[in-house]
There are 2 protein chains.
Amino acid sequence: MLRKPTRDEKSHPVDDDLLTRIDAWWRAANYLSVGQIYLLDNPLLRVPLRAEHIKPRLLGHWGTSPGQNFLYAHLNRAIVQRDLDMIYIAGPGHGGPSLVSAAWLDGTYGEIYAHVGDDESGLRELFRQFSFPGGVPSHVAPETPGSIHEGGELGYALSHAYGAAFDNPGLTVAAVIGDGEAETGPLATAWHSNKFLNPVTDGTVLPILHLNGYKIANPAVLARIPRAELEALMVGYGHTPYWFDGGFDEEEPLDVHRRFATLLDEVLDHIEAIRAEAADGGRPGHRPAWPMIVFRTPKGWTGPREVDGQQVENTYRSHQVPMNAVRGNEEYTRLLESWMRSYRPEELFDDAGRLRADLRELSPSGPRRMSANPHSNGGVLTRDLMLPDFRKRAVDVPVPGGSVAEPARVLGQWLADVVRANPTNFRVFGPDETASNRLSATVDVAGKTWMGEILDVDTDLSPSGRVMEMLSEHQCQGWLEGYLLTGRHGLFNCYEAFIHIIDAMFNQHAKWLKVCREIPWRAPIPSLNYLLSSHVWRQDHNGFSHQDPGFIDHVVNKKADVIRVYLPPDANTLLSTYDHCLRSRDYVNVVVAGKQPGPQWLTMDEAIAHCTRGIGIWGWASTDDGSGDPDVVLACAGDVPTLETLAAVDLLRSELPDLRVRVINVVDLMRLQDEREHPHGLPEREFDALFTTDKPVVFAYHGYPWLIHRLTYRHTNHDNIHVRGYKEEGTTTTPFDMVMLNDLDRYHLVMDVIDRVPGLGSRQAALRQRMADARLRARQHTREHGTDIPEVADWAWPAARELGLPGSSGDDTAADFEAAGPVKGDRTSG
Amino acid sequence: MLRKPTRDEKSHPVDDDLLTRIDAWWRAANYLSVGQIYLLDNPLLRVPLRAEHIKPRLLGHWGTSPGQNFLYAHLNRAIVQRDLDMIYIAGPGHGGPSLVSAAWLDGTYGEIYAHVGDDESGLRELFRQFSFPGGVPSHVAPETPGSIHEGGELGYALSHAYGAAFDNPGLTVAAVIGDGEAETGPLATAWHSNKFLNPVTDGTVLPILHLNGYKIANPAVLARIPRAELEALMVGYGHTPYWFDGGFDEEEPLDVHRRFATLLDEVLDHIEAIRAEAADGGRPGHRPAWPMIVFRTPKGWTGPREVDGQQVENTYRSHQVPMNAVRGNEEYTRLLESWMRSYRPEELFDDAGRLRADLRELSPSGPRRMSANPHSNGGVLTRDLMLPDFRKRAVDVPVPGGSVAEPARVLGQWLADVVRANPTNFRVFGPDETASNRLSATVDVAGKTWMGEILDVDTDLSPSGRVMEMLSEHQCQGWLEGYLLTGRHGLFNCYEAFIHIIDAMFNQHAKWLKVCREIPWRAPIPSLNYLLSSHVWRQDHNGFSHQDPGFIDHVVNKKADVIRVYLPPDANTLLSTYDHCLRSRDYVNVVVAGKQPGPQWLTMDEAIAHCTRGIGIWGWASTDDGSGDPDVVLACAGDVPTLETLAAVDLLRSELPDLRVRVINVVDLMRLQDEREHPHGLPEREFDALFTTDKPVVFAYHGYPWLIHRLTYRHTNHDNIHVRGYKEEGTTTTPFDMVMLNDLDRYHLVMDVIDRVPGLGSRQAALRQRMADARLRARQHTREHGTDIPEVADWAWPAARELGLPGSSGDDTAADFEAAGPVKGDRTSG
């Protein structure tokens, strides 16, 4: 619950003694930051610096560190005085020395890493390990206590901060944004996150725009626009900007600290006032203009002013290492020493090398330390989801193919149950596609989050919505990452083609997870779950630009430990798959499943069994007499490929009734790999038992064909596997036209089979001709009528056909907003 | 040159007759937009609408179309009256019906597509073909005359617009931005492009924010913030906003048109004033606040107000198709008919179905039509680059490995020559990494573009710079795409790992190129060239998050016709490769080459020959007696793998002097494919001649290993190819530690060889042990000293060693800003 300040705290003065100690703490942090970049030994400069004390390779980033150290020192003060529950996001996370220094000064570092203790030997190790082989990365990383934010690719500090704040009403997230980072697109739109933050049930985000003026080699855009323009920009983003300039003249350090302390108190009072007003019911229709700080200080503040006659402080030249190749360079060595001594280490550390006790007291205690706040190791706070029984949402499947459903809509109904059962730790994210992806049931529970103006015409908008929609894949991904990293659960639903927008973000998160798994103190966090439901095969309203199944390939490049890919063929398998995903930890689960009406194959019991295996023979569809010896294997992964495969089997049954056909369906794509490659991989003999060691395999696959080759590469029968998949062909068409354009259609699959099965004799040529004719007829029908030929559109699996049940009914053109309506929903009941 | 308006034009009134005709033109465009979505036949409603006139599948997007039609009509008026050279970027390009309608009304459509002529039969075809099998896409696409901007993924309208405007001083780019698109990150930062536009030498961008209030299923964020906030946001972005509201009440259409015409004239006058002032020298240090228009109109304006009792106009329900399943629904059919008749087609088209003559006159003539403007088919304007002789920048290589150079820096010197020789049609783009990527010589020519404040401390900033740097990969890619699509040349330099940020943009551009190649009237445009120089193997200042070579994999998924991937092993091959890339058309060229000092292998003549072949045996490195029969093939692709391979060969020479080793180097990765898969693919017998049909091949590769398997999959000797590549291991380390972590090091390669070559007997175990020991020693040295062991760091190829020439010198830690300096540059001379 939101804690209100008492009068006592409010009146607590930031007196000169405290300011003096804050300044000392800041000097200590700066000293440690420099030491990490430069020193191998002699950490307290007990003797004059010599070559052997200096690292031979100087790596790291100084420029952002002193500004961040300053902020950290002052935030510590506020946390203690106001008992704030606060975490710190270092947008300029390449300033690793800063956050590592802070964690060491907080005492957290030595608690976690005993060999980097709080005395001189710990200090030596702290310096040595930084950006050193076998040591710690130069950037903020999973190894850094207190971080949920990798200091690699820039742009996501603010999205992560908001993700952390959602549903954490007691939490304040200080989000430092570099002025370089501020130029990225994701960051530029992330400011609008404040339209989605509920001041009662969510926490607080305090954006601090660190305007230090320079990037690697250029001035920053926002540092070179007139102050009035930047002010307008922040106001336009919906904030109340507070300006701070420090370090540009010879102002006394204490005065600088006093001014900032006063400003920070003002800002925090403003935040408290906003939250208090909101808790009292707020002003209807009024969104608060949350404070943000423009923190303007020199890049490389307190560092060398000049090196080799060139200005360094307050220029881009202080971005990384101000003087390079110091070892063996006497002039540089003396410059480095005097720079480090300028922080007066003798005043900061005691004889044992420990931080002076009165400075140690500046850090908050225990979990209030930003470096030890449990929200920054979110797994420790994770509560399991209450998962309602997904079986209750099962689609009734009297016989295979005997009912029609929209899998994503069925899933949506169960996800709505999940939302209902977990009102404060589960959210659904999507870039304005949740209705289009037919998950609207999730919206029906509590609406979509919206703190802006709500009009009569609006449906489902609410300040307390559990579905988050903004037309920015970056924002959705960033919010969700922040939400997961602080221990909560969620999923991201997105068009398959456009999920590539966050390829790089996925990379960073997957790498984060990979490293976390190797760090004992990092508790597992809920998995990052994708649902790609508007997929490559059904872009009826759209076209070629909306088709790309390559995200799967991108994902499979990452470490097998952390990635999972599922292609459930129908609604019941999708339900079972997603139940599994929401229970998992530390994975990235990619689930691709269509939203259009399609035939349903498995009862819920069958679906659960099938998903448990991840891959299996569909005996009811096979004609190889169970364990018998098939003439050919037809394998499929993905809903459309499954439909076409079964239709091909149907054709084969009537055309070649004596052909022994085995049908294999793959839900868990990683099952195809060798067990040495992926934890889900099949042992060789199990793969052989499924795919045989010598029979032709025709594999219909959702994505780019070669991935199947890559996955099955080590297996015995690999050379006999022939894959049909997406080929980068085709613009807007009908569903069957699309599969025909990519040669994945039933007729093509039959031709693939008869081209590979020996001994068909004259039947081969005749059947080939019939298939080619059927294909041509289908093509002509499509081009003439704009719809699929009835024999395809109304095709039903024999068992369903016999009962007179509906066909595949894939010809659905529902507009994306209509798709949300209740009428269509009824179709899921079969 | 910029054309100044004459007094006559300025005073030209927009009289009621003209406004009446503009309104009629608008009605015609709306009529055609609806017709395309709904009708198969009866295009002029000569008989009452019946089921067979209506498409069975209704696909497309109505919502954005009427607003865009309105804008197009008014821009046409301004073009005619002011003789503007203008192109139109449809940010909401899913409104394909709008742009296709406009092109048809302009007469352009029928000129290009004779079967869609300007009469009733053409009209029937126009309607029928839209989003119909065998027809045209529902989105703006390469098939759409006048477009350089695919209507697929949102976010790039403004970046494309600026890219088109750069170096086109006579051009005005009207950039319509949807309020949905405005939520994306790339668009949110693209507003800042105005800080990079020179008002004298560049053209004009007129952003029009189309605030129609709704996305697919939600209100738009910018439509629901207070007007004062949006005003501040636009001012903060550096613009002068002009507001227009139209269509929300019962205002007379003529009044609406009159107000907008007046506002547009004001805006265009303002633009002329800015340009005139700039042409006269401008105000020093003053960046103009260019006008932009906030164009607020109802979504689905003029469409059905209500369907089934639900409001449709001015809600998200008009996003796609307002009434679905119209065919066979009598009520909907009548609603559709009355909707279409509300545009009074009988007043718009003559008996033959042609647009009335006095309305046709509203379109500009010939190339002034936005649908026929040559800038929108940029290839027709492309001038070849004047390419200075790259041989003059050759690195002297007395013997293989006999000199050390930084390849990217050498390339930078030649690129500087290119900048100098092509001062108005070649630009270099990079996200603040051009210096870090060591291309600073390009900056030295004319600086980096910067229209903001310039301080004394700044180096190389200039309003007329030819290098464009903003810390947004999206912006760089979008600018470059716009620049290329309008016929100019350029390259994008980027860290390899972060190029994934634009994976989705690459997709869209590659798909655009693929389709353009099939459209006869689309002239080839200069290729999209990447230089990924801070690559996965050398992230000394950074770490794990900066390592990902998967962009190559992503690229290879696209059509072979349009993609090329090069991995030049040294500076001379890089020069030759880039010369080739800058001459090419309609490709995406991905070039990966390091920036750190490394040994140079080939003289320029050898490099040219090697690049021409793309793959080849390095006889000087091989010990298989030329055409002889090798015992083993060592193949390599990429600079680091080449170095390690040659070091392994060196070890093998001394350890197993009788082993016949063949060394193959691959520059053009696509040469590895089968000729049926890629135009650069090798015929089977050529591949066999290189790689043998049965000998072991140890392949050291820059990226993820399995891509080599994918590419060589069809080749005879494939099963004997063993690949070493990047494995997702390792954080900040020394160069050799990095290759050891990923098992790509020389010792590992030797072990791979001896594990595969038969007949080594007892020598195998002993050699294995020596390699393992050497590896362990190297590892220990790194961990102890933080540098690579001298036997590795100073290793030189035997020929260089004999001459006492320098070794591989890979241990370079230059900070990114220092790397720009002249001192290091000297090293390139060897």
# chains A, B, ... in the order shown; residues from 1 in each chain; ligands from 1
call {"tool": "residues_around", "arguments": {"residues": "Arg427 of chain B", "least_positions_apart": "4", "cutoff": "12 Å", "atoms": "only C-alpha atoms", "output": "short mmCIF file (atom, residue, chain, number, x, y, z; two decimals) with N, CA, C and O atoms, in the first residue's frame"}}
result
data_model
loop_
_atom_site.label_atom_id
_atom_site.label_comp_id
_atom_site.auth_asym_id
_atom_site.auth_seq_id
_atom_site.Cartn_x
_atom_site.Cartn_y
_atom_site.Cartn_z
N GLY B 163 14.44 11.04 -45.84
CA GLY B 163 15.41 10.43 -46.74
C GLY B 163 15.20 10.88 -48.18
O GLY B 163 16.15 11.14 -48.92
N PHE B 166 16.37 14.73 -48.54
CA PHE B 166 17.79 15.09 -48.49
C PHE B 166 18.35 15.25 -49.91
O PHE B 166 18.13 14.40 -50.77
N ASP B 167 19.07 16.33 -50.12
CA ASP B 167 19.71 16.60 -51.42
C ASP B 167 18.72 16.72 -52.57
O ASP B 167 19.09 16.53 -53.73
N LEU B 385 27.25 6.41 -59.49
CA LEU B 385 28.26 7.09 -58.68
C LEU B 385 29.54 7.26 -59.49
O LEU B 385 29.87 6.42 -60.33
N LEU B 415 35.94 5.49 -49.00
CA LEU B 415 34.59 6.06 -48.95
C LEU B 415 34.65 7.58 -48.90
O LEU B 415 33.79 8.27 -49.45
N ALA B 416 35.68 8.11 -48.24
CA ALA B 416 35.86 9.57 -48.25
C ALA B 416 36.08 10.06 -49.68
O ALA B 416 35.54 11.10 -50.08
N VAL B 418 34.83 8.69 -52.24
CA VAL B 418 33.51 8.59 -52.87
C VAL B 418 32.65 9.79 -52.48
O VAL B 418 31.97 10.39 -53.31
N VAL B 419 32.69 10.15 -51.20
CA VAL B 419 31.93 11.32 -50.74
C VAL B 419 32.38 12.56 -51.51
O VAL B 419 31.57 13.35 -51.99
N ARG B 420 33.68 12.71 -51.64
CA ARG B 420 34.24 13.88 -52.32
C ARG B 420 33.79 13.93 -53.79
O ARG B 420 33.43 14.98 -54.29
N ALA B 421 33.77 12.79 -54.43
CA ALA B 421 33.45 12.76 -55.87
C ALA B 421 31.95 12.83 -56.14
O ALA B 421 31.55 13.03 -57.29
N ASN B 422 31.14 12.65 -55.11
CA ASN B 422 29.69 12.61 -55.30
C ASN B 422 29.02 13.46 -54.23
O ASN B 422 28.36 12.94 -53.33
N PRO B 423 29.19 14.75 -54.34
CA PRO B 423 28.81 15.60 -53.20
C PRO B 423 27.30 15.76 -53.01
O PRO B 423 26.89 16.28 -51.97
N THR B 442 35.46 9.61 -43.72
CA THR B 442 34.28 10.11 -44.42
C THR B 442 33.78 11.40 -43.78
O THR B 442 33.21 12.25 -44.46
N VAL B 443 34.01 11.49 -42.48
CA VAL B 443 33.58 12.69 -41.76
C VAL B 443 34.49 13.86 -42.11
O VAL B 443 34.05 15.01 -42.20
N VAL B 445 35.69 14.80 -44.78
CA VAL B 445 35.43 15.47 -46.06
C VAL B 445 34.55 16.70 -45.88
O VAL B 445 34.92 17.81 -46.27
N ALA B 446 33.39 16.50 -45.27
CA ALA B 446 32.46 17.62 -45.16
C ALA B 446 31.73 17.63 -43.82
O ALA B 446 30.78 18.37 -43.64
N GLY B 447 32.17 16.78 -42.91
CA GLY B 447 31.58 16.77 -41.59
C GLY B 447 30.32 15.94 -41.50
O GLY B 447 29.93 15.25 -42.45
N LYS B 448 29.73 16.04 -40.30
CA LYS B 448 28.48 15.33 -40.03
C LYS B 448 27.34 16.34 -40.02
O LYS B 448 27.48 17.43 -39.47
N THR B 449 26.23 15.94 -40.60
CA THR B 449 25.10 16.86 -40.70
C THR B 449 24.58 17.26 -39.32
O THR B 449 24.33 16.39 -38.47
N SER B 464 26.15 21.13 -43.68
CA SER B 464 26.21 20.48 -44.99
C SER B 464 27.04 19.20 -44.93
O SER B 464 27.68 18.82 -45.90
N GLY B 465 27.01 18.53 -43.78
CA GLY B 465 27.75 17.27 -43.66
C GLY B 465 27.18 16.19 -44.55
O GLY B 465 26.02 16.24 -44.97
N ARG B 466 28.01 15.22 -44.84
CA ARG B 466 27.58 14.10 -45.69
C ARG B 466 27.45 12.81 -44.89
O ARG B 466 27.11 11.77 -45.44
N VAL B 467 27.80 12.89 -43.61
CA VAL B 467 27.62 11.73 -42.73
C VAL B 467 26.46 12.07 -41.81
O VAL B 467 26.41 13.16 -41.24
N MET B 468 25.52 11.14 -41.68
CA MET B 468 24.31 11.38 -40.90
C MET B 468 24.33 10.46 -39.68
O MET B 468 24.29 9.24 -39.83
N GLU B 469 24.36 11.09 -38.50
CA GLU B 469 24.41 10.27 -37.29
C GLU B 469 23.34 10.66 -36.30
O GLU B 469 23.30 11.80 -35.83
N CYS B 476 18.37 5.74 -39.06
CA CYS B 476 19.40 5.58 -40.09
C CYS B 476 18.87 4.74 -41.25
O CYS B 476 19.03 5.09 -42.42
N TRP B 479 16.00 6.72 -43.11
CA TRP B 479 16.56 7.79 -43.95
C TRP B 479 17.20 7.20 -45.21
O TRP B 479 16.98 7.67 -46.31
N LEU B 480 18.04 6.17 -44.98
CA LEU B 480 18.75 5.58 -46.13
C LEU B 480 17.77 4.98 -47.12
O LEU B 480 17.90 5.16 -48.34
N GLU B 481 16.75 4.29 -46.62
CA GLU B 481 15.75 3.71 -47.53
C GLU B 481 15.11 4.81 -48.38
O GLU B 481 14.97 4.68 -49.60
N GLY B 482 14.72 5.91 -47.71
CA GLY B 482 14.09 7.01 -48.46
C GLY B 482 15.05 7.59 -49.49
O GLY B 482 14.65 7.97 -50.60
N TYR B 483 16.30 7.67 -49.12
CA TYR B 483 17.33 8.22 -50.01
C TYR B 483 17.54 7.30 -51.23
O TYR B 483 17.63 7.76 -52.36
N LEU B 484 17.57 6.00 -50.97
CA LEU B 484 17.75 5.03 -52.06
C LEU B 484 16.52 4.94 -52.95
O LEU B 484 16.63 4.86 -54.18
N ARG B 488 19.10 7.72 -54.97
CA ARG B 488 20.47 8.07 -54.61
C ARG B 488 21.20 6.88 -53.98
O ARG B 488 20.64 5.80 -53.89
N HIS B 489 22.41 7.10 -53.50
CA HIS B 489 23.27 6.02 -53.03
C HIS B 489 23.69 6.25 -51.58
O HIS B 489 23.81 7.38 -51.14
N GLY B 490 24.00 5.15 -50.89
CA GLY B 490 24.48 5.33 -49.53
C GLY B 490 24.81 4.01 -48.86
O GLY B 490 24.70 2.94 -49.47
N LEU B 491 25.24 4.14 -47.63
CA LEU B 491 25.50 2.94 -46.84
C LEU B 491 25.18 3.20 -45.38
O LEU B 491 25.16 4.35 -44.93
N PHE B 492 24.93 2.13 -44.69
CA PHE B 492 24.57 2.16 -43.27
C PHE B 492 25.65 1.38 -42.53
O PHE B 492 25.82 0.20 -42.76
N ASN B 493 26.39 2.08 -41.66
CA ASN B 493 27.38 1.37 -40.84
C ASN B 493 26.84 1.22 -39.43
O ASN B 493 26.29 2.15 -38.86
N LEU B 528 20.89 -1.40 -51.11
CA LEU B 528 20.99 -1.05 -49.69
C LEU B 528 22.24 -1.74 -49.15
O LEU B 528 22.31 -2.97 -49.10
N ASN B 529 23.23 -0.93 -48.78
CA ASN B 529 24.52 -1.48 -48.36
C ASN B 529 24.73 -1.35 -46.86
O ASN B 529 24.61 -0.25 -46.32
N LEU B 582 28.74 -0.76 -54.31
CA LEU B 582 28.25 0.58 -54.65
C LEU B 582 27.87 0.69 -56.13
O LEU B 582 27.21 1.64 -56.53
#
call {"tool": "atom_distance", "arguments": {"atom1": "atom CA of Val590 of chain B", "atom2": "atom CA of Gly401 of chain B"}}
result
25.5 Å
call {"tool": "closest_residue", "arguments": {"among": "A:Gln764, A:Ser654, A:Asn589, A:Asn218", "to": "Met751 of chain A", "atoms": "only C-alpha atoms"}}
result
A:Gln764
call {"tool": "residues_around", "arguments": {"residues": "Tyr332 of chain B", "least_positions_apart": "3", "cutoff": "12 Å", "atoms": "only C-alpha atoms", "output": "PyMOL selection string"}}
result
chain B and resi 38+49-51+54+304+306-308+321-329+335-339
call {"tool": "write_last_selection", "arguments": {"atoms": "N, CA and C atoms", "output": "compact mmCIF listing (two decimals), in the first residue's frame"}}
result
# COMPACT_ATOMS: atom_id res chain seq x y z
N TYR B 38 -15.63 -3.27 -52.15
CA TYR B 38 -16.86 -4.06 -52.17
C TYR B 38 -17.25 -4.69 -53.51
N LEU B 49 -27.77 -2.53 -56.91
CA LEU B 49 -26.77 -3.52 -56.49
C LEU B 49 -27.42 -4.86 -56.21
N ARG B 50 -26.81 -5.89 -56.76
CA ARG B 50 -27.27 -7.25 -56.49
C ARG B 50 -26.10 -8.08 -55.97
N ALA B 51 -26.46 -9.23 -55.42
CA ALA B 51 -25.44 -10.09 -54.80
C ALA B 51 -24.24 -10.29 -55.71
N ILE B 54 -21.22 -7.99 -55.80
CA ILE B 54 -20.46 -7.77 -54.56
C ILE B 54 -19.46 -8.88 -54.34
N PRO B 304 -20.71 4.90 -43.47
CA PRO B 304 -21.94 4.67 -42.71
C PRO B 304 -21.78 5.15 -41.27
N GLU B 306 -23.82 4.41 -38.85
CA GLU B 306 -24.24 3.38 -37.92
C GLU B 306 -24.49 2.09 -38.68
N VAL B 307 -24.11 0.99 -38.12
CA VAL B 307 -24.44 -0.32 -38.68
C VAL B 307 -24.90 -1.19 -37.52
N ASP B 308 -26.02 -1.85 -37.71
CA ASP B 308 -26.57 -2.70 -36.64
C ASP B 308 -26.69 -1.95 -35.32
N VAL B 321 -13.55 -2.98 -42.90
CA VAL B 321 -14.74 -3.03 -43.75
C VAL B 321 -15.96 -2.78 -42.87
N PRO B 322 -16.63 -1.64 -43.04
CA PRO B 322 -17.73 -1.29 -42.12
C PRO B 322 -18.83 -2.34 -42.01
N MET B 323 -19.31 -2.87 -43.16
CA MET B 323 -20.25 -3.99 -43.06
C MET B 323 -19.61 -5.18 -43.73
N ASN B 324 -19.59 -6.30 -43.03
CA ASN B 324 -19.01 -7.49 -43.63
C ASN B 324 -20.10 -8.39 -44.16
N ALA B 325 -19.73 -9.38 -44.95
CA ALA B 325 -20.70 -10.35 -45.47
C ALA B 325 -21.91 -9.64 -46.06
N VAL B 326 -21.66 -8.71 -46.95
CA VAL B 326 -22.74 -7.94 -47.55
C VAL B 326 -23.50 -8.77 -48.59
N ARG B 327 -22.75 -9.58 -49.31
CA ARG B 327 -23.35 -10.39 -50.37
C ARG B 327 -24.42 -11.30 -49.76
N GLY B 328 -25.64 -11.14 -50.26
CA GLY B 328 -26.72 -11.97 -49.75
C GLY B 328 -27.43 -11.36 -48.55
N ASN B 329 -26.89 -10.24 -48.06
CA ASN B 329 -27.57 -9.55 -46.95
C ASN B 329 -28.24 -8.30 -47.51
N LEU B 335 -27.64 -0.60 -47.71
CA LEU B 335 -26.82 0.37 -46.99
C LEU B 335 -25.59 0.72 -47.82
N LEU B 336 -24.99 -0.30 -48.38
CA LEU B 336 -23.81 -0.08 -49.22
C LEU B 336 -24.17 0.78 -50.43
N GLU B 337 -25.30 0.44 -51.05
CA GLU B 337 -25.67 1.18 -52.25
C GLU B 337 -25.94 2.64 -51.91
N SER B 338 -26.65 2.86 -50.83
CA SER B 338 -26.96 4.27 -50.52
C SER B 338 -25.70 5.01 -50.10
N TRP B 339 -24.79 4.29 -49.44
CA TRP B 339 -23.50 4.90 -49.11
C TRP B 339 -22.78 5.33 -50.40
call {"tool": "select_by_dssp", "arguments": {"residues": "segment 269-489 of chain A", "states": "strand (DSSP E)", "output": "list in words"}}
result
Pro291, Met292, Ile293, Val294, Phe295, Arg296, Glu306, Val307, Gln310, Gln311, Val404, Ala405, Phe426, Arg427, Val428, Phe429, Gly430, Lys448, Thr449, Leu461, Ser462, Val467, Met468, Glu469 and His489 of chain A
call {"tool": "interface_residues", "arguments": {"of": "chain A", "to": "chain B", "cutoff": "6 Å", "atoms": "only C-alpha atoms", "output": "VMD selection string"}}
result
chain A and resid 59 to 60 131 to 133 137 152 183 to 186 188 to 189 217 224 229 to 230 232 to 233 236 452 to 453 471 to 472 500 to 501 504 541 545 732 to 733 783 786 817
call {"tool": "select_by_dssp", "arguments": {"residues": "segment 400-614 of chain B", "states": "helix (DSSP H, G or I)", "output": "ChimeraX atom specification"}}
result
/B:407-421,440-446,473-485,497-516,544-546,551-556,560-562,571-583,604-613
call {"tool": "atom_distance", "arguments": {"atom1": "atom CA of Thr716 of chain A", "atom2": "atom CA of Thr712 of chain B"}}
result
18.5 Å
call {"tool": "decode", "arguments": {"residues": "segment 670-684 of chain B", "atoms": "N, CA and C atoms", "output": "JSON list (two decimals), in the first residue's frame"}}
result
[["chain", "number", "residue", "atom", "x", "y", "z"],
["B", 670, "MET", "N", 27.30, -16.48, -50.55],
["B", 670, "MET", "CA", 26.30, -17.14, -51.39],
["B", 670, "MET", "C", 26.93, -18.10, -52.40],
["B", 671, "ARG", "N", 28.26, -18.00, -52.56],
["B", 671, "ARG", "CA", 28.94, -18.95, -53.44],
["B", 671, "ARG", "C", 28.83, -20.37, -52.90],
["B", 672, "LEU", "N", 28.58, -20.50, -51.62],
["B", 672, "LEU", "CA", 28.51, -21.84, -51.02],
["B", 672, "LEU", "C", 27.23, -22.57, -51.40],
["B", 673, "GLN", "N", 26.24, -21.81, -51.82],
["B", 673, "GLN", "CA", 24.97, -22.47, -52.13],
["B", 673, "GLN", "C", 25.04, -23.18, -53.45],
["B", 674, "ASP", "N", 24.05, -24.00, -53.64],
["B", 674, "ASP", "CA", 23.88, -24.65, -54.92],
["B", 674, "ASP", "C", 23.41, -23.62, -55.94],
["B", 675, "GLU", "N", 23.82, -23.77, -57.19],
["B", 675, "GLU", "CA", 23.46, -22.77, -58.19],
["B", 675, "GLU", "C", 21.95, -22.69, -58.41],
["B", 676, "ARG", "N", 21.24, -23.75, -58.03],
["B", 676, "ARG", "CA", 19.78, -23.70, -58.17],
["B", 676, "ARG", "C", 19.14, -22.82, -57.08],
["B", 677, "GLU", "N", 19.89, -22.57, -56.03],
["B", 677, "GLU", "CA", 19.33, -21.84, -54.89],
["B", 677, "GLU", "C", 19.63, -20.35, -54.94],
["B", 678, "HIS", "N", 20.77, -20.00, -55.51],
["B", 678, "HIS", "CA", 21.16, -18.60, -55.53],
["B", 678, "HIS", "C", 21.93, -18.32, -56.82],
["B", 679, "PRO", "N", 21.70, -17.14, -57.40],
["B", 679, "PRO", "CA", 22.39, -16.83, -58.66],
["B", 679, "PRO", "C", 23.92, -16.87, -58.53],
["B", 680, "HIS", "N", 24.44, -16.67, -57.34],
["B", 680, "HIS", "CA", 25.89, -16.76, -57.16],
["B", 680, "HIS", "C", 26.36, -18.18, -56.84],
["B", 681, "GLY", "N", 25.42, -19.10, -56.69],
["B", 681, "GLY", "CA", 25.77, -20.46, -56.27],
["B", 681, "GLY", "C", 26.73, -21.14, -57.25],
["B", 682, "LEU", "N", 27.55, -22.01, -56.69],
["B", 682, "LEU", "CA", 28.53, -22.73, -57.51],
["B", 682, "LEU", "C", 27.87, -23.94, -58.17],
["B", 683, "PRO", "N", 28.22, -24.20, -59.43],
["B", 683, "PRO", "CA", 27.82, -25.49, -60.02],
["B", 683, "PRO", "C", 28.44, -26.61, -59.21],
["B", 684, "GLU", "N", 27.77, -27.74, -59.19],
["B", 684, "GLU", "CA", 28.19, -28.86, -58.36],
["B", 684, "GLU", "C", 29.66, -29.23, -58.59]]
